[in-house]
$ cat coords-v5.csv   # CSV, C-alpha atoms
chain,number,residue,atom,x,y,z
A,1,MET,CA,21.2,53.5,31.9
A,2,LYS,CA,18.4,53.3,34.4
A,3,SER,CA,19.3,53.6,38.0
A,4,LYS,CA,17.9,51.4,40.7
A,5,SER,CA,17.8,51.5,44.5
A,6,LEU,CA,20.8,49.9,46.2
A,7,LYS,CA,20.2,48.7,49.7
A,8,ILE,CA,23.3,48.9,51.9
A,9,THR,CA,21.9,48.1,55.3
A,10,ASN,CA,18.4,47.9,56.8
A,11,ASP,CA,18.8,51.7,57.5
A,12,ILE,CA,20.8,52.9,54.5
A,13,CYS,CA,19.7,52.9,50.9
A,14,LEU,CA,20.9,54.7,47.7
A,15,VAL,CA,17.9,55.7,45.6
A,16,PRO,CA,17.7,57.2,42.1
A,17,PRO,CA,16.9,61.0,42.1
A,18,HIS,CA,13.3,62.0,41.5
A,19,PRO,CA,11.7,65.4,41.4
A,20,GLU,CA,9.2,64.3,44.1
A,21,MET,CA,12.1,64.4,46.6
A,22,ALA,CA,12.6,68.1,46.1
A,23,GLU,CA,10.9,69.5,49.1
A,24,GLU,CA,12.5,67.0,51.6
A,25,MET,CA,16.0,67.5,50.0
A,26,PHE,CA,15.6,71.3,49.9
A,27,ARG,CA,14.6,71.3,53.6
A,28,ILE,CA,17.8,69.3,54.5
A,29,ILE,CA,20.0,71.7,52.5
A,30,ASP,CA,18.3,74.8,53.9
A,31,GLU,CA,18.5,73.6,57.5
A,32,ASP,CA,22.2,72.8,57.1
A,33,ARG,CA,23.0,75.7,54.7
A,34,GLU,CA,25.9,77.3,56.7
A,35,TYR,CA,27.5,73.9,57.4
A,36,LEU,CA,27.2,72.6,53.9
A,37,ARG,CA,28.2,75.8,52.0
A,38,GLU,CA,31.7,75.7,53.4
A,39,TRP,CA,32.7,72.9,51.0
A,40,LEU,CA,29.8,72.6,48.5
A,41,PRO,CA,29.5,75.2,45.8
A,42,PHE,CA,25.9,74.3,44.9
A,43,VAL,CA,24.4,75.4,48.2
A,44,ASP,CA,24.4,79.1,47.5
A,45,GLY,CA,22.6,78.5,44.2
A,46,THR,CA,20.0,76.4,45.9
A,47,LYS,CA,17.6,79.2,47.1
A,48,VAL,CA,14.1,77.7,46.6
A,49,VAL,CA,12.6,74.2,46.3
A,50,GLU,CA,12.4,74.6,42.5
A,51,ASP,CA,16.2,74.8,42.3
A,52,THR,CA,16.4,71.4,44.0
A,53,ARG,CA,13.6,70.0,41.8
A,54,ASN,CA,15.6,71.2,38.7
A,55,TYR,CA,18.7,69.4,40.0
A,56,LEU,CA,16.8,66.2,40.6
A,57,LYS,CA,15.3,66.3,37.1
A,58,SER,CA,18.7,66.9,35.6
A,59,ALA,CA,20.3,64.2,37.7
A,60,ALA,CA,17.7,61.7,36.7
A,61,GLN,CA,18.3,62.5,33.0
A,62,TRP,CA,22.1,62.3,33.4
A,63,ASN,CA,21.7,58.9,34.9
A,64,ILE,CA,19.5,57.7,32.1
A,65,GLY,CA,21.9,59.2,29.5
A,66,GLY,CA,25.0,57.7,31.2
A,67,GLN,CA,26.8,61.1,31.5
A,68,GLN,CA,26.7,60.8,35.3
A,69,TRP,CA,25.5,58.6,38.1
A,70,ASN,CA,23.9,60.3,41.0
A,71,VAL,CA,21.9,58.8,43.9
A,72,VAL,CA,20.2,60.2,47.0
A,73,ILE,CA,21.2,58.7,50.3
A,74,ARG,CA,18.3,57.7,52.6
A,75,TYR,CA,18.8,56.8,56.2
A,76,LYS,CA,15.9,55.3,58.0
A,77,ASN,CA,13.8,56.4,55.0
A,78,HIS,CA,14.9,60.1,55.4
A,79,ILE,CA,17.0,61.9,52.8
A,80,CYS,CA,20.3,62.8,54.4
A,81,GLY,CA,22.7,63.4,51.5
A,82,CYS,CA,23.8,62.5,48.0
A,83,ILE,CA,26.6,60.6,46.4
A,84,GLY,CA,27.6,59.8,42.8
A,85,TYR,CA,29.9,60.3,39.9
A,86,PRO,CA,29.4,63.8,38.7
A,87,ARG,CA,32.4,63.3,36.4
A,88,LEU,CA,32.5,60.2,34.2
A,89,ASP,CA,35.2,59.9,31.6
A,90,LYS,CA,33.9,57.1,29.4
A,91,GLN,CA,36.8,57.2,27.0
A,92,ASN,CA,39.3,56.5,29.8
A,93,ASN,CA,36.9,54.5,32.0
A,94,ARG,CA,37.5,56.9,34.9
A,95,GLY,CA,35.1,58.4,37.4
A,96,GLU,CA,35.3,60.9,40.2
A,97,ILE,CA,33.1,60.4,43.2
A,98,GLY,CA,31.4,63.4,44.9
A,99,TYR,CA,29.3,63.3,48.1
A,100,TRP,CA,27.7,65.3,50.8
A,101,LEU,CA,25.9,64.4,54.0
A,102,SER,CA,23.8,66.5,56.4
A,103,GLU,CA,25.7,67.3,59.6
A,104,LYS,CA,23.1,65.7,61.8
A,105,TYR,CA,23.5,62.3,60.1
A,106,GLN,CA,27.3,62.2,60.4
A,107,GLY,CA,29.1,59.8,62.7
A,108,LYS,CA,26.8,56.9,61.9
A,109,GLY,CA,28.9,55.3,59.2
A,110,ILE,CA,26.4,56.4,56.5
A,111,MET,CA,29.0,58.0,54.2
A,112,ILE,CA,31.7,55.4,54.4
A,113,ARG,CA,29.2,52.6,53.6
A,114,SER,CA,27.7,54.7,50.8
A,115,CYS,CA,31.1,55.3,49.3
A,116,GLU,CA,32.0,51.7,49.5
A,117,ARG,CA,28.8,50.9,47.6
A,118,ALA,CA,29.4,53.6,45.0
A,119,VAL,CA,33.0,52.3,44.4
A,120,ARG,CA,31.7,48.8,43.9
A,121,TYR,CA,28.9,50.1,41.6
A,122,GLY,CA,31.5,52.0,39.6
A,123,PHE,CA,33.6,49.0,39.0
A,124,GLU,CA,30.8,46.5,38.4
A,125,HIS,CA,28.2,48.5,36.5
A,126,LEU,CA,29.9,51.6,35.1
A,127,ASP,CA,32.9,49.6,33.9
A,128,LEU,CA,35.4,52.0,35.5
A,129,ASN,CA,39.0,51.2,35.7
A,130,ARG,CA,39.9,54.2,37.9
A,131,ILE,CA,37.9,55.9,40.6
A,132,GLU,CA,39.1,59.3,42.0
A,133,ILE,CA,38.1,61.5,44.9
A,134,ARG,CA,39.4,65.1,45.2
A,135,VAL,CA,39.0,67.0,48.5
A,136,ALA,CA,40.0,70.5,49.6
A,137,THR,CA,42.9,70.1,52.0
A,138,PRO,CA,41.2,71.8,55.0
A,139,ASN,CA,38.1,69.5,54.7
A,140,VAL,CA,39.4,67.0,57.2
A,141,LYS,CA,36.1,65.0,57.6
A,142,SER,CA,35.8,64.5,53.8
A,143,ILE,CA,39.5,63.5,53.5
A,144,ALA,CA,38.9,60.7,56.1
A,145,ILE,CA,36.6,58.9,53.7
A,146,PRO,CA,39.1,57.9,50.9
A,147,ARG,CA,41.7,57.2,53.5
A,148,LYS,CA,39.4,54.8,55.3
A,149,LEU,CA,38.5,53.2,52.0
A,150,GLY,CA,42.1,52.5,51.2
A,151,PHE,CA,42.4,54.9,48.4
A,152,GLU,CA,45.9,55.8,47.4
A,153,GLU,CA,46.8,59.5,48.0
A,154,GLU,CA,48.4,60.7,44.8
A,155,GLY,CA,49.3,64.2,45.8
A,156,VAL,CA,48.3,67.8,46.1
A,157,GLN,CA,46.8,69.7,43.2
A,158,ARG,CA,47.6,73.4,44.0
A,159,GLU,CA,44.6,75.8,44.0
A,160,ALA,CA,42.4,73.2,42.2
A,161,ILE,CA,39.2,74.0,44.0
A,162,PHE,CA,37.5,77.4,44.0
A,163,LEU,CA,34.9,77.8,46.9
A,164,ASN,CA,33.4,80.9,48.5
A,165,GLY,CA,35.7,83.3,46.7
A,166,ARG,CA,39.0,81.6,47.3
A,167,TYR,CA,41.2,78.8,46.0
A,168,TYR,CA,42.0,75.7,47.9
A,169,ASP,CA,44.6,73.0,47.3
A,170,ALA,CA,43.1,69.6,46.7
A,171,LEU,CA,44.2,66.2,47.8
A,172,ALA,CA,43.8,63.7,45.0
A,173,PHE,CA,43.0,60.1,45.8
A,174,SER,CA,42.4,57.1,43.5

$ encode --input "coords-v5.csv" --output "structure tokens"
Amino acid sequence: MKSKSLKITNDICLVPPHPEMAEEMFRIIDEDREYLREWLPFVDGTKVVEDTRNYLKSAAQWNIGGQQWNVVIRYKNHICGCIGYPRLDKQNNRGEIGYWLSEKYQGKGIMIRSCERAVRYGFEHLDLNRIEIRVATPNVKSIAIPRKLGFEEEGVQREAIFLNGRYYDALAFS
């Protein structure tokens, strides 16, 4: 399945991953490393531009193969984060959304609009019946997203997320 760009507003667009984006994306991750690493396990493994390039190559392949759906979030033509379905369960038509946004781009409605679009894409193009979001309970900013979108809070999964050497309970939304 080939990904295409999805315009959300004049300023926000979801674009397919491409290795040419590696330097800009790595710079965003590297500049925001301390902030992002609190809730994102990939940050510590992203040490050089080539790590980001490898991810972008893999993400593009996963999109084509239909194993995942990942896109890069652009705001005013600058990379500011990513969103997608890193877990797609085709047998049960279920997907789990994952997302991250650079701290300097927060508070502009970028992520809520990107999530709204990703949810619509999941139902309309990925034939999903169920969309889930799991968030570590202390991650208040990320928990606000599914709540604003009207997701149903299904409960707490005890010690379901392992980050930075410790387990966190996860809130499950669908």

$ residues_around --input "coords-v5.csv" --residues "segment 32-38 of chain A" --least-positions-apart "5" --cutoff "8 Å" --atoms "all atoms listed in the file" --output "number ranges by chain"
A: 43-44, 100, 102-103, 163-164

$ closest_residue --input "coords-v5.csv" --among "A:Phe162, A:Tyr121, A:Trp39, A:Trp69" --to "Asp89 of chain A" --atoms "only C-alpha atoms"
A:Trp69

$ residues_around --input "coords-v5.csv" --residues "Lys57 of chain A" --least-positions-apart "3" --cutoff "12 Å" --atoms "all atoms listed in the file" --output "PyMOL selection string"
chain A and resi 16-22+50-54+60-64+70

$ closest_residue --input "coords-v5.csv" --among "A:Ile73, A:Ile131, A:Ile28, A:Met111" --to "Asn92 of chain A" --atoms "all atoms listed in the file"
A:Ile131

$ residues_around --input "coords-v5.csv" --residues "Ile161 of chain A" --least-positions-apart "5" --cutoff "7 Å" --atoms "all atoms listed in the file" --output "JSON, numbers by chain"
{"A": [136, 167, 168, 169, 170]}

$ atom_distance --input "coords-v5.csv" --atom1 "atom CA of Glu116 of chain A" --atom2 "atom CA of Leu171 of chain A"
19.0 Å

$ closest_residue --input "coords-v5.csv" --among "A:Ile110, A:Val49, A:Ala172, A:Val119" --to "Ile133 of chain A" --atoms "all atoms listed in the file"
A:Ala172

$ closest_residue --input "coords-v5.csv" --among "A:Val156, A:Leu6, A:Leu40, A:Leu126" --to "Leu88 of chain A" --atoms "all atoms listed in the file"
A:Leu126

$ atom_distance --input "coords-v5.csv" --atom1 "atom CA of Asn77 of chain A" --atom2 "atom CA of Asn10 of chain A"
9.8 Å

$ residues_around --input "coords-v5.csv" --residues "Leu14 of chain A" --least-positions-apart "3" --cutoff "8 Å" --atoms "all atoms listed in the file" --output "number ranges by chain"
A: 5-8, 71-74, 114

$ atom_distance --input "coords-v5.csv" --atom1 "atom CA of Gly98 of chain A" --atom2 "atom CA of Gly84 of chain A"
5.6 Å
